[in-house]
Every structure is written in C-alpha cells, then in structure tokens.
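Dumped start_33.tsv below, it's TSV, C-alpha atoms (C1' of nucleotides):
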chain	number	residue	atom	x	y	z
A	1	MET	CA	-13.51	-17.69	-14.81
A	2	THR	CA	-12.09	-14.36	-15.46
A	3	MET	CA	-9.46	-13.66	-18.07
A	4	ILE	CA	-8.20	-10.59	-16.21
A	5	ARG	CA	-4.57	-10.25	-15.29
A	6	PHE	CA	-4.42	-8.15	-12.14
A	7	GLY	CA	-1.62	-5.69	-11.56
A	8	LEU	CA	0.00	-4.63	-8.30
A	9	CYS	CA	1.31	-1.06	-8.16
A	10	CYS	CA	4.84	-0.37	-6.96
A	11	VAL	CA	4.80	-1.28	-3.27
A	12	PHE	CA	3.47	-3.75	-0.71
A	13	HIS	CA	1.24	-3.22	2.31
A	14	ASP	CA	2.08	-6.18	4.55
A	15	GLU	CA	4.84	-8.05	2.77
A	16	PRO	CA	8.32	-6.99	3.91
A	17	ILE	CA	9.35	-6.05	0.38
A	18	LYS	CA	10.71	-2.50	0.52
A	19	PHE	CA	12.38	-0.38	-2.11
A	20	ARG	CA	14.82	2.28	-0.94
A	21	THR	CA	15.69	5.73	-2.16
A	22	THR	CA	17.67	8.82	-1.26
A	23	THR	CA	17.51	12.56	-1.88
A	24	ALA	CA	19.78	14.92	-3.74
A	25	ALA	CA	20.07	16.95	-0.54
A	26	ALA	CA	21.40	13.96	1.37
A	27	LEU	CA	24.03	13.34	-1.31
A	28	HIS	CA	25.15	16.97	-1.34
A	29	GLY	CA	26.84	16.41	2.00
A	30	LEU	CA	28.88	13.48	0.70
A	31	ALA	CA	32.03	13.31	-1.38
A	32	ARG	CA	31.44	12.12	-4.96
A	33	LYS	CA	32.96	8.75	-4.17
A	34	GLN	CA	30.73	8.21	-1.16
A	35	SER	CA	27.56	9.32	-2.89
A	36	PHE	CA	28.38	7.02	-5.81
A	37	ALA	CA	28.89	4.11	-3.44
A	38	LYS	CA	25.60	4.85	-1.78
A	39	LEU	CA	23.72	5.02	-5.10
A	40	SER	CA	25.29	1.74	-6.19
A	41	GLU	CA	24.17	0.11	-2.96
A	42	LEU	CA	20.62	1.42	-3.36
A	43	CYS	CA	20.40	0.22	-6.97
A	44	LEU	CA	21.58	-3.23	-6.01
A	45	HIS	CA	19.11	-3.37	-3.13
A	46	ASN	CA	16.25	-2.24	-5.37
A	47	VAL	CA	16.97	-4.70	-8.17
A	48	ARG	CA	17.11	-7.53	-5.63
A	49	THR	CA	13.85	-6.24	-4.18
A	50	LEU	CA	12.27	-6.16	-7.64
A	51	GLY	CA	13.15	-9.83	-7.95
A	52	LEU	CA	11.35	-10.49	-4.66
A	53	ALA	CA	8.34	-8.49	-5.83
A	54	ILE	CA	8.03	-10.44	-9.08
A	55	ASP	CA	8.50	-13.70	-7.21
A	56	TYR	CA	5.71	-12.70	-4.84
A	57	CYS	CA	3.44	-11.96	-7.81
A	58	ASN	CA	4.26	-15.32	-9.32
A	59	ARG	CA	3.45	-17.20	-6.12
A	60	ASN	CA	0.19	-15.32	-5.61
A	61	GLY	CA	-1.40	-15.36	-9.03
A	62	ILE	CA	-0.72	-11.67	-9.67
A	63	GLY	CA	-0.03	-11.34	-13.38
A	64	SER	CA	1.38	-7.85	-13.53
A	65	PHE	CA	3.63	-5.56	-11.51
A	66	ARG	CA	4.12	-1.81	-11.90
A	67	VAL	CA	7.72	-0.87	-11.20
A	68	GLN	CA	8.51	2.28	-9.23
A	69	SER	CA	10.10	5.04	-11.26
A	70	GLY	CA	12.69	5.45	-8.53
A	71	LEU	CA	14.06	1.94	-9.06
A	72	LEU	CA	17.46	3.49	-9.86
A	73	PRO	CA	17.41	6.54	-7.56
A	74	LEU	CA	18.41	9.90	-9.06
A	75	ARG	CA	19.58	8.17	-12.24
A	76	THR	CA	18.72	11.27	-14.34
A	77	HIS	CA	19.52	13.96	-11.77
A	78	PRO	CA	21.54	16.81	-13.32
A	79	ARG	CA	24.19	16.60	-10.62
A	80	HIS	CA	23.97	13.09	-9.19
A	81	GLY	CA	22.92	11.17	-12.31
A	82	TYR	CA	24.97	8.15	-13.43
A	83	ASN	CA	25.26	5.24	-15.82
A	84	ILE	CA	24.57	1.81	-14.43
A	85	GLU	CA	27.81	0.54	-16.04
A	86	ASP	CA	29.76	2.95	-13.84
A	87	LEU	CA	28.39	1.67	-10.55
A	88	ALA	CA	30.57	-0.56	-8.37
A	89	ASN	CA	27.82	-3.18	-8.34
A	90	ALA	CA	27.17	-2.94	-12.08
A	91	ASP	CA	27.92	-6.58	-12.89
A	92	GLU	CA	25.64	-7.94	-10.22
A	93	ILE	CA	22.93	-5.41	-11.09
A	94	PHE	CA	22.94	-6.39	-14.77
A	95	SER	CA	22.98	-10.05	-13.90
A	96	LEU	CA	20.00	-9.65	-11.56
A	97	PHE	CA	18.11	-7.70	-14.22
A	98	GLY	CA	18.75	-10.50	-16.71
A	99	GLY	CA	17.54	-13.11	-14.24
A	100	LEU	CA	14.34	-11.36	-13.30
A	101	ARG	CA	13.53	-10.51	-16.91
A	102	ALA	CA	13.82	-14.17	-17.85
A	103	PHE	CA	11.80	-15.21	-14.81
A	104	ALA	CA	9.00	-12.72	-15.52
A	105	HIS	CA	8.89	-13.83	-19.14
A	106	ARG	CA	8.81	-17.52	-18.26
A	107	ARG	CA	6.06	-17.03	-15.69
A	108	ASN	CA	4.13	-14.63	-17.93
A	109	ILE	CA	4.30	-11.73	-15.51
A	110	ARG	CA	3.84	-8.39	-17.21
A	111	THR	CA	5.74	-5.38	-15.95
A	112	THR	CA	4.90	-1.71	-16.49
A	113	PHE	CA	6.11	1.77	-15.61
A	114	HIS	CA	4.22	4.92	-14.72
A	115	PRO	CA	6.68	7.84	-14.75
A	116	ASP	CA	5.79	10.50	-12.22
A	117	GLN	CA	4.04	13.84	-12.55
A	118	PHE	CA	7.13	15.71	-13.66
A	119	VAL	CA	7.04	14.07	-17.06
A	120	VAL	CA	5.01	16.55	-19.11
A	121	LEU	CA	5.51	16.15	-22.85
A	122	ASN	CA	3.17	18.98	-23.80
A	123	SER	CA	4.51	21.75	-21.60
A	124	PRO	CA	5.02	25.09	-23.33
A	125	ARG	CA	8.34	25.29	-21.48
A	126	PRO	CA	11.05	23.69	-23.61
A	127	GLU	CA	13.21	22.72	-20.63
A	128	VAL	CA	10.31	20.74	-19.17
A	129	VAL	CA	9.87	18.85	-22.44
A	130	VAL	CA	13.61	18.16	-22.69
A	131	SER	CA	13.81	16.69	-19.19
A	132	SER	CA	10.61	14.72	-19.82
A	133	LEU	CA	12.05	13.19	-22.99
A	134	ARG	CA	15.20	12.34	-21.11
A	135	GLU	CA	13.22	10.75	-18.31
A	136	LEU	CA	11.24	8.65	-20.79
A	137	GLU	CA	14.39	7.45	-22.53
A	138	HIS	CA	15.69	6.42	-19.10
A	139	HIS	CA	12.46	4.52	-18.46
A	140	ALA	CA	12.85	2.74	-21.81
A	141	GLU	CA	16.33	1.58	-20.80
A	142	MET	CA	14.90	0.16	-17.59
A	143	ALA	CA	12.01	-1.36	-19.56
A	144	GLU	CA	14.46	-3.20	-21.81
A	145	LEU	CA	16.42	-4.50	-18.82
A	146	ILE	CA	13.27	-5.75	-17.16
A	147	GLY	CA	11.30	-6.77	-20.24
A	148	ALA	CA	8.53	-4.26	-19.46
A	149	ASP	CA	6.27	-3.35	-22.34
A	150	VAL	CA	4.36	-0.32	-21.05
A	151	ILE	CA	5.50	3.17	-20.07
A	152	ASN	CA	2.35	5.02	-19.18
A	153	ILE	CA	2.00	8.79	-18.77
A	154	HIS	CA	-0.74	11.39	-18.59
A	155	ALA	CA	-1.38	13.88	-21.38
A	156	GLY	CA	-0.13	16.79	-19.26
A	157	GLY	CA	-1.52	20.29	-18.79
A	158	VAL	CA	-4.08	22.23	-20.82
A	159	TYR	CA	-2.66	25.76	-20.55
A	160	GLY	CA	-5.99	27.25	-21.56
A	161	ASP	CA	-6.07	25.61	-24.99
A	162	LYS	CA	-6.56	21.87	-25.15
A	163	GLU	CA	-6.26	21.64	-28.92
A	164	SER	CA	-2.79	23.15	-29.12
A	165	ALA	CA	-1.78	21.26	-25.97
A	166	LEU	CA	-2.64	18.00	-27.75
A	167	LYS	CA	-0.72	19.15	-30.80
A	168	ARG	CA	2.36	19.72	-28.63
A	169	LEU	CA	1.80	16.30	-27.09
A	170	ALA	CA	1.99	14.75	-30.55
A	171	GLU	CA	5.23	16.60	-31.23
A	172	GLY	CA	6.61	15.37	-27.92
A	173	VAL	CA	5.62	11.77	-28.59
A	174	ASN	CA	7.21	11.94	-32.03
A	175	SER	CA	10.46	13.30	-30.61
A	176	LEU	CA	10.98	10.05	-28.71
A	177	SER	CA	13.28	7.38	-30.07
A	178	SER	CA	11.32	4.55	-31.67
A	179	ARG	CA	12.46	2.13	-28.97
A	180	THR	CA	10.86	4.41	-26.38
A	181	ARG	CA	7.80	5.43	-28.38
A	182	LYS	CA	6.72	1.82	-28.86
A	183	HIS	CA	6.33	1.44	-25.08
A	184	LEU	CA	4.47	4.70	-24.54
A	185	THR	CA	0.81	4.83	-23.52
A	186	ILE	CA	-1.45	7.71	-22.46
A	187	GLU	CA	-3.92	7.60	-19.58
A	188	ASN	CA	-7.04	9.72	-19.06
A	189	ASP	CA	-6.81	11.84	-15.92
A	190	ASP	CA	-9.34	13.20	-13.42
A	191	ARG	CA	-8.97	16.93	-14.07
A	192	SER	CA	-8.11	17.75	-17.66
A	193	TYR	CA	-8.19	14.94	-20.23
A	194	SER	CA	-11.14	12.54	-20.44
A	195	PRO	CA	-11.12	9.47	-22.70
A	196	VAL	CA	-13.04	11.29	-25.43
A	197	ASP	CA	-10.36	14.01	-25.44
A	198	LEU	CA	-7.62	11.43	-25.91
A	199	LEU	CA	-9.10	8.77	-28.20
A	200	PRO	CA	-8.69	10.76	-31.45
A	201	PHE	CA	-5.08	11.43	-30.48
A	202	CYS	CA	-4.51	7.76	-29.66
A	203	TRP	CA	-5.96	6.55	-32.95
A	204	GLN	CA	-4.11	9.14	-34.96
A	205	GLU	CA	-0.72	8.63	-33.32
A	206	GLN	CA	-1.15	4.91	-32.65
A	207	ILE	CA	-0.58	5.34	-28.94
A	208	PRO	CA	-2.63	3.00	-26.72
A	209	LEU	CA	-5.04	4.50	-24.20
A	210	VAL	CA	-4.77	3.28	-20.61
A	211	TYR	CA	-8.40	3.60	-19.53
A	212	ASP	CA	-8.73	4.61	-15.88
A	213	VAL	CA	-12.37	4.14	-15.00
A	214	HIS	CA	-12.05	5.98	-11.68
A	215	HIS	CA	-10.70	9.06	-13.44
A	216	HIS	CA	-13.48	8.72	-16.01
A	217	ARG	CA	-16.08	8.78	-13.21
A	218	CYS	CA	-14.38	11.86	-11.71
A	219	LEU	CA	-14.24	13.57	-15.11
A	220	PRO	CA	-17.10	12.20	-17.22
A	221	ASP	CA	-17.35	12.97	-20.93
A	222	GLY	CA	-20.78	11.73	-21.96
A	223	PHE	CA	-19.67	8.24	-23.00
A	224	SER	CA	-20.57	5.14	-21.00
A	225	ILE	CA	-18.01	2.87	-19.40
A	226	GLU	CA	-19.01	0.12	-21.83
A	227	GLU	CA	-18.52	2.32	-24.90
A	228	THR	CA	-15.26	3.70	-23.60
A	229	THR	CA	-13.96	0.24	-22.76
A	230	GLU	CA	-14.55	-0.85	-26.32
A	231	MET	CA	-12.93	2.25	-27.84
A	232	ALA	CA	-9.95	2.02	-25.48
A	233	CYS	CA	-9.41	-1.64	-26.46
A	234	SER	CA	-9.33	-0.60	-30.12
A	235	THR	CA	-6.24	1.55	-29.48
A	236	TRP	CA	-4.19	-1.44	-28.32
A	237	ASN	CA	-1.98	-3.68	-30.48
A	238	ARG	CA	-1.50	-5.99	-27.48
A	239	GLU	CA	-3.25	-6.82	-24.20
A	240	PRO	CA	-4.85	-3.58	-22.95
A	241	VAL	CA	-4.00	-2.05	-19.58
A	242	PHE	CA	-6.82	-0.50	-17.55
A	243	HIS	CA	-6.94	1.03	-14.07
A	244	VAL	CA	-9.51	0.65	-11.31
A	245	SER	CA	-9.91	2.21	-7.87
A	246	SER	CA	-12.58	3.27	-5.39
A	247	PRO	CA	-13.06	6.65	-3.70
A	248	ILE	CA	-11.68	6.90	-0.16
A	249	HIS	CA	-14.91	8.17	1.43
A	250	GLY	CA	-17.40	6.91	-1.15
A	251	TRP	CA	-18.76	8.79	-4.15
A	252	THR	CA	-20.70	11.25	-1.99
A	253	GLY	CA	-17.83	11.89	0.44
A	254	LYS	CA	-15.33	14.67	0.05
A	255	ASN	CA	-12.58	14.40	-2.55
A	256	PRO	CA	-13.64	11.18	-4.31
A	257	ARG	CA	-10.47	11.39	-6.41
A	258	ARG	CA	-8.46	9.96	-3.53
A	259	HIS	CA	-8.14	6.20	-3.39
A	260	HIS	CA	-9.66	3.77	-0.91
A	261	ASP	CA	-7.69	0.94	0.73
A	262	TYR	CA	-9.75	-1.60	-1.23
A	263	ILE	CA	-11.88	-1.92	-4.36
A	264	ASP	CA	-15.63	-1.78	-3.91
A	265	MET	CA	-16.97	-4.34	-6.38
A	266	ASN	CA	-19.70	-1.87	-7.32
A	267	ASP	CA	-16.91	0.19	-8.86
A	268	PHE	CA	-15.59	-2.72	-10.91
A	269	PRO	CA	-16.99	-2.61	-14.46
A	270	GLU	CA	-18.86	-5.85	-15.00
A	271	LYS	CA	-18.00	-5.79	-18.68
A	272	TRP	CA	-14.30	-6.11	-17.88
A	273	ILE	CA	-14.60	-9.50	-16.21
A	274	LYS	CA	-14.74	-11.46	-19.47
A	275	LEU	CA	-12.00	-9.47	-21.23
A	276	GLY	CA	-8.37	-10.47	-21.71
A	277	ILE	CA	-6.97	-7.34	-20.14
A	278	THR	CA	-4.53	-6.21	-17.47
A	279	VAL	CA	-6.24	-4.31	-14.64
A	280	GLU	CA	-3.90	-2.41	-12.41
A	281	VAL	CA	-5.45	-2.09	-8.97
A	282	GLU	CA	-4.83	1.34	-7.48
A	283	ALA	CA	-5.74	0.74	-3.86
A	284	LYS	CA	-3.80	1.62	-0.75
A	285	ALA	CA	-3.99	-1.87	0.74
A	286	LYS	CA	-1.95	-3.06	-2.26
A	287	GLU	CA	-1.50	-6.85	-2.35
A	288	LEU	CA	-4.33	-7.27	0.16
A	289	ALA	CA	-6.68	-5.34	-2.11
A	290	ILE	CA	-5.71	-7.47	-5.09
A	291	ARG	CA	-6.28	-10.67	-3.17
A	292	ARG	CA	-9.73	-9.42	-2.17
A	293	VAL	CA	-10.70	-8.38	-5.70
A	294	MET	CA	-9.56	-11.72	-7.10
A	295	ASN	CA	-11.57	-13.59	-4.47
A	296	GLU	CA	-14.67	-11.49	-5.04
A	297	ILE	CA	-14.54	-11.97	-8.78
A	298	MET	CA	-14.05	-15.71	-8.36
A	299	SER	CA	-17.07	-16.03	-6.06
A	300	LEU	CA	-19.04	-13.79	-8.41
A	301	GLY	CA	-18.20	-16.18	-11.24
A	302	SER	CA	-19.30	-19.30	-9.39
A	303	ALA	CA	-22.49	-17.59	-8.18
A	304	THR	CA	-23.65	-16.74	-11.68
A	305	ILE	CA	-22.84	-20.12	-13.24
N	1	DA	C1'	13.57	4.35	19.07
N	2	DG	C1'	10.48	7.75	17.66
N	3	DC	C1'	9.22	12.13	15.60
N	4	DG	C1'	8.82	15.82	12.32
N	5	DG	C1'	10.59	18.36	8.45
N	6	DT	C1'	12.06	17.55	3.99
N	7	DC	C1'	12.52	15.83	-0.61
N	8	DA	C1'	14.75	17.36	-8.36
N	9	DA	C1'	11.33	17.94	-11.27
N	10	DG	C1'	4.77	20.12	-13.17
N	11	DT	C1'	0.05	21.33	-13.20
N	12	DT	C1'	-4.44	21.89	-11.42
N	13	DG	C1'	-8.02	23.31	-8.47
N	14	DA	C1'	-9.79	23.55	-3.55
N	15	DT	C1'	-9.24	26.31	0.35
G	1	DA	C1'	-1.35	32.82	-1.71
G	2	DT	C1'	-0.91	28.20	-0.13
G	3	DC	C1'	-1.13	23.51	-0.56
G	4	DA	C1'	-2.78	18.76	-1.44
G	5	DA	C1'	-3.09	15.53	-4.91
G	6	DC	C1'	-1.04	12.68	-8.29
G	7	DT	C1'	1.21	5.61	-9.33
G	8	DT	C1'	4.22	5.20	-4.22
G	9	DG	C1'	6.17	7.67	1.80
G	10	DA	C1'	11.10	7.09	2.82
G	11	DC	C1'	15.07	9.41	4.67
G	12	DC	C1'	17.66	11.96	7.96
G	13	DG	C1'	18.78	14.71	11.73
G	14	DC	C1'	17.11	15.72	15.99
G	15	DT	C1'	15.65	14.51	20.67
Written as structure tokens, how would this file's structure read?
Amino acid sequence: MTMIRFGLCCVFHDEPIKFRTTTAAALHGLARKQSFAKLSELCLHNVRTLGLAIDYCNRNGIGSFRVQSGLLPLRTHPRHGYNIEDLANADEIFSLFGGLRAFAHRRNIRTTFHPDQFVVLNSPRPEVVVSSLRELEHHAEMAELIGADVINIHAGGVYGDKESALKRLAEGVNSLSSRTRKHLTIENDDRSYSPVDLLPFCWQEQIPLVYDVHHHRCLPDGFSIEETTEMACSTWNREPVFHVSSPIHGWTGKNPRRHHDYIDMNDFPEKWIKLGITVEVEAKAKELAIRRVMNEIMSLGSATI
DNA sequence: AGCGGTCAAGTTGAT
DNA sequence: ATCAACTTGACCGCT
C-alpha cells in the first residue's frame, strides 16, 4: 500500500472539464465595460470549473490538483488587470472559492500552483523581478482563496554566473511578503539548476525543494535519485512535493526532455513508493496517466507481498 | 464547422 | 537568426 498522494496537473484529457481564457489582444477591441464583463464571466466559469476538477479528484482517489496560473485571466496585466472585488460576479466568485476551499480541506485534497516561465526572481533586469514579485503576490492571494499551500517556481536563468544568480534569487525570495514566501518552493530544472545546485540555497533560505526526477535525469549532478530524494525531503516542513514524467520517445530518442502521454514504471523511483509524499504526474494523458500509475503501483504492491 | 495564426511576460539551447 | 520548450493549447477571425 503506497502512501503517495498523486497530483493531477492543470487540465484533463478525457473529462469535459475545461478552463477558459482570453488574450489582451482580444480585449483591445472591446470597450472597457465589455472587456470587464467578459473577464468576470471567464473568472466565474473558471472557479466553477475548479470546483468540478476538485470534485473529480475526490471521486477518483487523486489527492492533489495543480491549479492553472490563468485561473483568473489577465488578473495582473498592466492594462487589463483587475481586482476580483470589482467584477460583476464577485460575490458568487468569492462564495465558490469559499466552498471549494472547504471541500478540498474536508476531503484532504491538496492544491498547488506552478507560476509560468515569466516569473524569474533572479533576473538582472529589475522590471522582470518587479513583475515576478507582483505575479507571486497574486498567486498567494489565489492560494489563500483556495487553501493551496505550494507556489512552485524554477530558480531562473544563470546569466553566465550561477553563484551571483543564486544570490539574486535569495534577494528576490526575501523581497516577498511573508504570506507569499511561506508558500514558495523551488524546483530543479533540466537545463540550468540541478538539485545539488539548489539544495544549499534551500537549506539556507528554508525554501523547500520540489524534486523533479525527470529533470534530474536530463541534468544529472553526480548524486543518486535515492540520495537526492532524502536531501529534498529534508528541506520540507510539511509533506514534500515531487514530480515524475517519462520521455516522449524514450531515453534514447530525440529530445527526452519532452513528456510522454503516460509514466513508464521504470522511470518511477522505487524508493518513493513507501514515502508520504505528493507526486505530481506530468504526463500528457493527464487523469488517464494518473489512473494507470495508481493501478500499476497497486499491482506492484500486491505482487511483492 | 473547421482551420490556421496568434497570444503579456523570460531564458536556454538546438537547429 | 529563429524557434521550440517549458506545468497547460485555447481563442478568434477567416473561409
């Protein structure tokens, strides 16, 4: 019997549960009133949809759900940004948030965020850091509404000097409000920052490391998966979050960084099975991939007993 | 209804 | 120089 809580990422493959969005360009053609009405409609739709997503997880034994960053479309856009309170559907939106937060809490469903690639806390460009901080504060507001406990980002760029880049990352992290900083986690990536690059930072700054084993295999650092698992766990003051995926064309195919539809159990670290951790499944078949992993681990368990 | 170009934002590395 | 990739394709105007 595994202790793992599996996490579904953002969207569904087969289930008719669809989040909506819009573009700044599309809103440019509308009067302020119309664009505001449209945004309000999209927010309401998406919060309802989030309720459906969490309900699906509850009914299917999925213990964690990663929420799309675009839940409230263009919320921080310089021209089209808005406060939820100002939307026509504000009351219903807040009420739905309250309901789904209580539901997720009652059913022990963990929710997380993974802000997109434009959040770069260690950029040498001040305007990039400013908008990143703003974006993270926005995520923390959503996290409070939903009851999410993790906002996970990558370390950012290297800019030819990893040491000073990590120093800037620390400055960025410490510029966050405490209510935002307490949700923040850092994930190893597949090009620049391996776990061994990030662990000293994580220990020093008390920021948990989200260990992505696929990225670690793409960008190895001399430490084994078992060792890294243990060190990553030591950075957490609560249930750790890890990531797993399989390469689209196998490890010998081209561009193994890209994700497969499903998880090959050979890529699933055996050591993880007994741990009380959240494993977010990054696979294109989404809920189908999770169902398959859960089944395979269950049959694995009964076979070895 | 279906198709293709487009979409706020950063950084890296393959081609 | 261009572009795909990244946690995720969806939207919109055109035919």
Interface rows for chain A against chain G: nearest pair, Å to one decimal, 7 Å, only C-alpha atoms (C1' of nucleotides), as CSV:
residue,atom,partner,partner_atom,distance
A:Cys9,CA,G:DT7,C1',6.8
A:Cys10,CA,G:DT8,C1',6.2
A:Val11,CA,G:DT8,C1',6.6
A:Thr21,CA,G:DA10,C1',6.9
A:Thr22,CA,G:DC11,C1',6.5
A:His114,CA,G:DT7,C1',6.2
A:Gln117,CA,G:DC6,C1',6.7
Next item on the list: Find the residues of chain A in contact range of chain N, meaning any atom within 7 Å when counting all atoms listed in the file, and list them as a ChimeraX atom specification.
Entry: /A:23,77,117-118,120,157
Item checked: For atom CA of A:Lys274 and atom CA of A:Gly61, the interatomic separation in Å (one decimal) -> 17.4 Å
Check: Which distance in Å separates atom CA of A:Arg179 and atom CA of A:His45, to one decimal?
Finding: 27.2 Å
Given 3 Å of margin on each side, can you work out the centre and size in Å (one decimal) of an axis-aligned box holding every listed atom of chain N, as JSON?
{"center_x": 2.5, "center_y": 15.3, "center_z": 2.9, "size_x": 30.5, "size_y": 28.0, "size_z": 38.3}
Item checked: Contacts of A:Gly172 at 8 Å (all atoms listed in the file; same-chain gap of 3+ positions) as a list in words -> Leu121, Asn122, Val129, Leu133, Arg168, Leu169, Ser175 and Leu176 of chain A
Next item on the list: Determine, counting all atoms listed in the file, which protein, DNA and RNA residues have an atom within 9 Å of an atom of A:Asn89; residues of the same chain fewer than 6 positions away are not included. Present the result as a PyMOL selection string.
Entry: chain A and resi 37+40-41+43-44
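Interatomic distance, atom CA of A:Glu280 against atom CA of A:Thr112: 9.7 Å.
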Check: Quick one: of A:Leu300, A:Gly51, A:Leu136, A:Thr180, who's nearest to A:Arg101, counting only C-alpha atoms?
Finding: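 Of all the options, A:Gly51 lies closest to A:Arg101.
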Next item on the list: Could you give me, as a ChimeraX atom specification, the residues within 7 Å of A:Leu209, counting all atoms listed in the file and dropping anything in the same chain fewer than 2 positions from it?
Entry: /A:185-187,202,207,211,232,235
Item checked: Expected residue set, 12 Å radius at (22.6, -8.4, -17.9), all atoms listed in the file, as a PyMOL selection string -> chain A and resi 47+84-85+90-102+142+144-147
